[in-house]
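Participant: Sharing target_4.cif here; it has mmCIF, N, CA and C atoms.
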```
data_final
#
loop_
_atom_site.group_PDB
_atom_site.id
_atom_site.type_symbol
_atom_site.label_atom_id
_atom_site.label_comp_id
_atom_site.auth_asym_id
_atom_site.auth_seq_id
_atom_site.Cartn_x
_atom_site.Cartn_y
_atom_site.Cartn_z
ATOM 1 N N MET A 193 24.408 -3.993 -7.216
ATOM 2 C CA MET A 193 24.764 -2.862 -8.058
ATOM 3 C C MET A 193 25.816 -2.029 -7.327
ATOM 4 N N ASN A 194 26.894 -1.746 -7.986
ATOM 5 C CA ASN A 194 27.947 -0.985 -7.325
ATOM 6 C C ASN A 194 27.650 0.514 -7.363
ATOM 7 N N LYS A 195 28.497 1.283 -6.680
ATOM 8 C CA LYS A 195 28.274 2.722 -6.527
ATOM 9 C C LYS A 195 28.243 3.454 -7.869
ATOM 10 N N VAL A 196 29.115 3.069 -8.786
ATOM 11 C CA VAL A 196 29.171 3.736 -10.085
ATOM 12 C C VAL A 196 27.890 3.465 -10.870
ATOM 13 N N SER A 197 27.401 2.247 -10.849
ATOM 14 C CA SER A 197 26.179 1.909 -11.569
ATOM 15 C C SER A 197 24.978 2.650 -10.990
ATOM 16 N N LYS A 198 24.852 2.681 -9.660
ATOM 17 C CA LYS A 198 23.755 3.413 -9.023
ATOM 18 C C LYS A 198 23.826 4.883 -9.389
ATOM 19 N N SER A 199 25.013 5.434 -9.318
ATOM 20 C CA SER A 199 25.206 6.835 -9.627
ATOM 21 C C SER A 199 24.770 7.138 -11.059
ATOM 22 N N ARG A 200 25.148 6.298 -11.975
ATOM 23 C CA ARG A 200 24.800 6.497 -13.390
ATOM 24 C C ARG A 200 23.291 6.417 -13.600
ATOM 25 N N VAL A 201 22.614 5.517 -12.911
ATOM 26 C CA VAL A 201 21.158 5.401 -13.022
ATOM 27 C C VAL A 201 20.497 6.685 -12.546
ATOM 28 N N PHE A 202 20.901 7.203 -11.388
ATOM 29 C CA PHE A 202 20.322 8.444 -10.879
ATOM 30 C C PHE A 202 20.623 9.619 -11.802
ATOM 31 N N GLU A 203 21.835 9.664 -12.322
ATOM 32 C CA GLU A 203 22.216 10.746 -13.231
ATOM 33 C C GLU A 203 21.290 10.782 -14.440
ATOM 34 N N TRP A 204 21.103 9.638 -15.084
ATOM 35 C CA TRP A 204 20.326 9.613 -16.315
ATOM 36 C C TRP A 204 18.830 9.705 -16.082
ATOM 37 N N LEU A 205 18.341 9.186 -14.959
ATOM 38 C CA LEU A 205 16.932 9.407 -14.618
ATOM 39 C C LEU A 205 16.675 10.908 -14.455
ATOM 40 N N GLY A 206 17.595 11.586 -13.800
ATOM 41 C CA GLY A 206 17.468 13.026 -13.609
ATOM 42 C C GLY A 206 17.501 13.779 -14.923
ATOM 43 N N VAL A 207 18.383 13.385 -15.811
ATOM 44 C CA VAL A 207 18.502 14.045 -17.115
ATOM 45 C C VAL A 207 17.225 13.857 -17.930
ATOM 46 N N VAL A 208 16.744 12.637 -18.011
ATOM 47 C CA VAL A 208 15.557 12.353 -18.829
ATOM 48 C C VAL A 208 14.328 13.068 -18.266
ATOM 49 N N THR A 209 14.128 13.026 -16.952
ATOM 50 C CA THR A 209 12.959 13.698 -16.383
ATOM 51 C C THR A 209 13.054 15.218 -16.556
ATOM 52 N N ALA A 210 14.259 15.782 -16.492
ATOM 53 C CA ALA A 210 14.427 17.225 -16.713
ATOM 54 C C ALA A 210 14.108 17.591 -18.164
ATOM 55 N N ILE A 211 14.494 16.759 -19.101
ATOM 56 C CA ILE A 211 14.197 17.019 -20.510
ATOM 57 C C ILE A 211 12.696 16.984 -20.753
ATOM 58 N N VAL A 212 12.036 15.959 -20.234
ATOM 59 C CA VAL A 212 10.583 15.855 -20.414
ATOM 60 C C VAL A 212 9.877 17.027 -19.737
ATOM 61 N N TYR A 213 10.324 17.391 -18.532
ATOM 62 C CA TYR A 213 9.759 18.560 -17.836
ATOM 63 C C TYR A 213 9.847 19.798 -18.708
ATOM 64 N N SER A 214 11.021 20.091 -19.228
ATOM 65 C CA SER A 214 11.201 21.334 -19.981
ATOM 66 C C SER A 214 10.369 21.330 -21.259
ATOM 67 N N LEU A 215 10.244 20.189 -21.917
ATOM 68 C CA LEU A 215 9.431 20.111 -23.126
ATOM 69 C C LEU A 215 7.946 20.290 -22.818
ATOM 70 N N LEU A 216 7.479 19.699 -21.728
ATOM 71 C CA LEU A 216 6.065 19.845 -21.351
ATOM 72 C C LEU A 216 5.720 21.292 -21.020
ATOM 73 N N VAL A 217 6.558 21.949 -20.254
ATOM 74 C CA VAL A 217 6.286 23.334 -19.876
ATOM 75 C C VAL A 217 6.395 24.247 -21.094
ATOM 76 N N ALA A 218 7.402 24.045 -21.920
ATOM 77 C CA ALA A 218 7.594 24.882 -23.109
ATOM 78 C C ALA A 218 6.475 24.687 -24.131
ATOM 79 N N ALA A 219 5.921 23.480 -24.211
ATOM 80 C CA ALA A 219 4.857 23.197 -25.175
ATOM 81 C C ALA A 219 3.549 23.898 -24.812
ATOM 82 N N ASN A 220 3.392 24.261 -23.539
ATOM 83 C CA ASN A 220 2.199 24.972 -23.086
ATOM 84 C C ASN A 220 0.918 24.245 -23.503
ATOM 85 N N VAL A 221 0.868 22.957 -23.178
ATOM 86 C CA VAL A 221 -0.280 22.119 -23.552
ATOM 87 C C VAL A 221 -1.163 21.780 -22.357
ATOM 88 N N GLY A 222 -0.969 22.482 -21.258
ATOM 89 C CA GLY A 222 -1.789 22.241 -20.075
ATOM 90 C C GLY A 222 -1.254 21.149 -19.171
ATOM 91 N N ALA A 223 -0.026 20.732 -19.390
ATOM 92 C CA ALA A 223 0.563 19.663 -18.578
ATOM 93 C C ALA A 223 1.610 20.227 -17.619
ATOM 94 N N GLU A 224 1.432 21.480 -17.223
ATOM 95 C CA GLU A 224 2.429 22.123 -16.370
ATOM 96 C C GLU A 224 2.569 21.444 -15.017
ATOM 97 N N PHE A 225 1.471 21.006 -14.418
ATOM 98 C CA PHE A 225 1.562 20.336 -13.121
ATOM 99 C C PHE A 225 2.419 19.078 -13.229
ATOM 100 N N ILE A 226 2.188 18.298 -14.273
ATOM 101 C CA ILE A 226 3.004 17.093 -14.490
ATOM 102 C C ILE A 226 4.461 17.500 -14.721
ATOM 103 N N GLY A 227 4.669 18.576 -15.476
ATOM 104 C CA GLY A 227 6.024 19.055 -15.729
ATOM 105 C C GLY A 227 6.745 19.432 -14.453
ATOM 106 N N PHE A 228 6.076 20.185 -13.584
ATOM 107 C CA PHE A 228 6.722 20.581 -12.335
ATOM 108 C C PHE A 228 6.933 19.385 -11.406
ATOM 109 N N THR A 229 6.064 18.407 -11.497
ATOM 110 C CA THR A 229 6.282 17.172 -10.741
ATOM 111 C C THR A 229 7.545 16.474 -11.233
ATOM 112 N N LEU A 230 7.741 16.486 -12.549
ATOM 113 C CA LEU A 230 8.959 15.899 -13.114
ATOM 114 C C LEU A 230 10.193 16.697 -12.722
ATOM 115 N N LEU A 231 10.059 18.028 -12.627
ATOM 116 C CA LEU A 231 11.189 18.844 -12.171
ATOM 117 C C LEU A 231 11.583 18.449 -10.752
ATOM 118 N N LEU A 232 10.587 18.255 -9.892
ATOM 119 C CA LEU A 232 10.867 17.830 -8.517
ATOM 120 C C LEU A 232 11.551 16.464 -8.501
ATOM 121 N N ALA A 233 11.042 15.541 -9.311
ATOM 122 C CA ALA A 233 11.663 14.208 -9.389
ATOM 123 C C ALA A 233 13.088 14.307 -9.929
ATOM 124 N N SER A 234 13.267 15.114 -10.963
ATOM 125 C CA SER A 234 14.594 15.287 -11.537
ATOM 126 C C SER A 234 15.582 15.832 -10.516
ATOM 127 N N SER A 235 15.140 16.818 -9.737
ATOM 128 C CA SER A 235 16.043 17.383 -8.731
ATOM 129 C C SER A 235 16.401 16.348 -7.671
ATOM 130 N N ALA A 236 15.469 15.453 -7.368
ATOM 131 C CA ALA A 236 15.769 14.386 -6.408
ATOM 132 C C ALA A 236 16.785 13.403 -6.996
ATOM 133 N N PHE A 237 16.552 12.976 -8.242
ATOM 134 C CA PHE A 237 17.477 12.035 -8.884
ATOM 135 C C PHE A 237 18.878 12.625 -9.009
ATOM 136 N N ILE A 238 18.958 13.855 -9.515
ATOM 137 C CA ILE A 238 20.266 14.476 -9.687
ATOM 138 C C ILE A 238 20.885 14.803 -8.335
ATOM 139 N N GLY A 239 20.048 15.096 -7.345
ATOM 140 C CA GLY A 239 20.551 15.327 -5.996
ATOM 141 C C GLY A 239 21.226 14.088 -5.425
ATOM 142 N N VAL A 240 20.607 12.935 -5.638
ATOM 143 C CA VAL A 240 21.220 11.676 -5.171
ATOM 144 C C VAL A 240 22.527 11.432 -5.920
ATOM 145 N N TRP A 241 22.508 11.652 -7.237
ATOM 146 C CA TRP A 241 23.731 11.492 -8.029
ATOM 147 C C TRP A 241 24.837 12.416 -7.508
ATOM 148 N N ALA A 242 24.478 13.676 -7.234
ATOM 149 C CA ALA A 242 25.467 14.645 -6.750
ATOM 150 C C ALA A 242 25.993 14.246 -5.375
ATOM 151 N N PHE A 243 25.109 13.750 -4.526
ATOM 152 C CA PHE A 243 25.532 13.314 -3.196
ATOM 153 C C PHE A 243 26.509 12.143 -3.295
ATOM 154 N N LEU A 244 26.172 11.161 -4.118
ATOM 155 C CA LEU A 244 27.040 9.987 -4.272
ATOM 156 C C LEU A 244 28.404 10.370 -4.849
ATOM 157 N N GLY A 245 28.411 11.337 -5.760
ATOM 158 C CA GLY A 245 29.660 11.740 -6.398
ATOM 159 C C GLY A 245 30.355 12.897 -5.708
ATOM 160 N N LYS A 246 29.779 13.345 -4.578
ATOM 161 C CA LYS A 246 30.350 14.468 -3.813
ATOM 162 C C LYS A 246 30.448 15.748 -4.652
ATOM 163 N N HIS A 247 29.430 15.973 -5.484
ATOM 164 C CA HIS A 247 29.343 17.197 -6.288
ATOM 165 C C HIS A 247 28.502 18.195 -5.495
ATOM 166 N N ARG A 248 29.125 18.871 -4.572
ATOM 167 C CA ARG A 248 28.389 19.703 -3.613
ATOM 168 C C ARG A 248 27.660 20.883 -4.259
ATOM 169 N N GLY A 249 28.265 21.495 -5.251
ATOM 170 C CA GLY A 249 27.625 22.621 -5.924
ATOM 171 C C GLY A 249 26.350 22.199 -6.634
ATOM 172 N N ILE A 250 26.402 21.072 -7.324
ATOM 173 C CA ILE A 250 25.223 20.563 -8.021
ATOM 174 C C ILE A 250 24.157 20.139 -7.011
ATOM 175 N N LEU A 251 24.573 19.531 -5.913
ATOM 176 C CA LEU A 251 23.631 19.145 -4.863
ATOM 177 C C LEU A 251 22.918 20.380 -4.306
ATOM 178 N N PHE A 252 23.668 21.436 -4.046
ATOM 179 C CA PHE A 252 23.089 22.684 -3.547
ATOM 180 C C PHE A 252 22.082 23.244 -4.550
ATOM 181 N N LEU A 253 22.429 23.214 -5.832
ATOM 182 C CA LEU A 253 21.541 23.708 -6.878
ATOM 183 C C LEU A 253 20.228 22.942 -6.923
ATOM 184 N N GLN A 254 20.274 21.655 -6.633
ATOM 185 C CA GLN A 254 19.063 20.829 -6.695
ATOM 186 C C GLN A 254 18.026 21.240 -5.644
ATOM 187 N N PHE A 255 18.472 21.803 -4.533
ATOM 188 C CA PHE A 255 17.513 22.304 -3.547
ATOM 189 C C PHE A 255 16.682 23.437 -4.136
ATOM 190 N N PHE A 256 17.297 24.271 -4.955
ATOM 191 C CA PHE A 256 16.568 25.364 -5.590
ATOM 192 C C PHE A 256 15.651 24.855 -6.693
ATOM 193 N N TYR A 257 16.099 23.866 -7.458
ATOM 194 C CA TYR A 257 15.233 23.275 -8.473
ATOM 195 C C TYR A 257 14.040 22.576 -7.818
ATOM 196 N N ALA A 258 14.275 21.904 -6.716
ATOM 197 C CA ALA A 258 13.176 21.258 -6.001
ATOM 198 C C ALA A 258 12.183 22.301 -5.499
ATOM 199 N N THR A 259 12.699 23.404 -4.993
ATOM 200 C CA THR A 259 11.829 24.488 -4.532
ATOM 201 C C THR A 259 11.009 25.042 -5.692
ATOM 202 N N ALA A 260 11.626 25.240 -6.847
ATOM 203 C CA ALA A 260 10.913 25.725 -8.024
ATOM 204 C C ALA A 260 9.834 24.726 -8.446
ATOM 205 N N GLY A 261 10.136 23.446 -8.373
ATOM 206 C CA GLY A 261 9.149 22.415 -8.702
ATOM 207 C C GLY A 261 7.961 22.459 -7.761
ATOM 208 N N ILE A 262 8.222 22.608 -6.480
ATOM 209 C CA ILE A 262 7.141 22.663 -5.492
ATOM 210 C C ILE A 262 6.290 23.917 -5.691
ATOM 211 N N ILE A 263 6.946 25.055 -5.905
ATOM 212 C CA ILE A 263 6.205 26.303 -6.145
ATOM 213 C C ILE A 263 5.351 26.166 -7.404
ATOM 214 N N GLY A 264 5.920 25.625 -8.459
ATOM 215 C CA GLY A 264 5.161 25.421 -9.695
ATOM 216 C C GLY A 264 3.976 24.507 -9.495
ATOM 217 N N MET A 265 4.153 23.438 -8.739
ATOM 218 C CA MET A 265 3.042 22.503 -8.477
ATOM 219 C C MET A 265 1.937 23.208 -7.699
ATOM 220 N N ILE A 266 2.296 23.991 -6.708
ATOM 221 C CA ILE A 266 1.307 24.694 -5.891
ATOM 222 C C ILE A 266 0.550 25.711 -6.757
ATOM 223 N N ARG A 267 1.270 26.454 -7.575
ATOM 224 C CA ARG A 267 0.631 27.498 -8.398
ATOM 225 C C ARG A 267 -0.265 26.913 -9.480
ATOM 226 N N TRP A 268 0.054 25.730 -9.988
ATOM 227 C CA TRP A 268 -0.758 25.139 -11.062
ATOM 228 C C TRP A 268 -1.832 24.211 -10.541
ATOM 229 N N PHE A 269 -1.836 23.924 -9.261
ATOM 230 C CA PHE A 269 -2.845 23.012 -8.704
ATOM 231 C C PHE A 269 -4.119 23.730 -8.540
#
```
Is it possible to express this structure as structure tokens?

Facilitator:
Amino acid sequence: MNKVSKSRVFEWLGVVTAIVYSLLVAANVGAEFIGFTLLLASSAFIGVWAFLGKHRGILFLQFFYATAGIIGMIRWF
């Protein structure tokens, strides 16, 4: 798999997990822990995509999203 293909996989994994995270948390159905776990995963996927594409601002932002995911997981556990 070349660099562009890997990058695209990480990009879209991050997008899909972020969408599912936001829907789970917004639905308020008691799945917040799973949602915040998905936020953490999404930040990792998009972080890898940003690193591969040298998108430094987006990579920096993912550290904050990962932190929010961890805080959310701790608070809902």

Participant: Is it possible to get the axis-aligned box enclosing stretch 249-258 of chain A (all listed atoms, 5 Å extra per side) as JSON, with centre and edge lengths in Å rounded to one decimal?

Facilitator:
```
{"center_x": 20.2, "center_y": 22.3, "center_z": -6.0, "size_x": 26.1, "size_y": 16.2, "size_z": 14.9}
```

Participant: Find the residues around A:Ser235 up to 12 Å (only C-alpha atoms counted), leave out those fewer than 4 positions away in its own chain, and share them as a VMD selection string.

Facilitator: chain A and resid 202 to 211 213 228 to 231 239 to 243 250 to 262

Participant: Report the distance between atom CA of A:Gly227 and atom CA of A:Leu215 in Å, rounded to one decimal place.

Facilitator: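 Taking atom CA of A:Gly227 as the start and atom CA of A:Leu215 as the end point, the length is 8.2 Å.
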
Participant: Please return as a list in words every residue within 7 Å of (2.9, 22.8, -13.4), taking into account only N, CA and C atoms and the file's own coordinates.

Facilitator: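 I get Ala223, Glu224, Phe225, Ile226, Gly227, Phe228, Thr229, Gly264, Met265, Ile266, Arg267, Trp268 and Phe269 of chain A for the residues within 7 Å of that point.
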
Participant: Please measure the separation of atom CA of A:Asn194 and atom CA of A:His247, giving the value in Å to one decimal.

Facilitator: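 Separating atom CA of A:Asn194 from atom CA of A:His247 is a distance of 18.3 Å.
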
Participant: One decimal, in Å: what's the spacing between atom N of A:Leu232 and atom C of A:Val201?

Facilitator: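 Calculated distance between atom N of A:Leu232 and atom C of A:Val201 is 15.5 Å.
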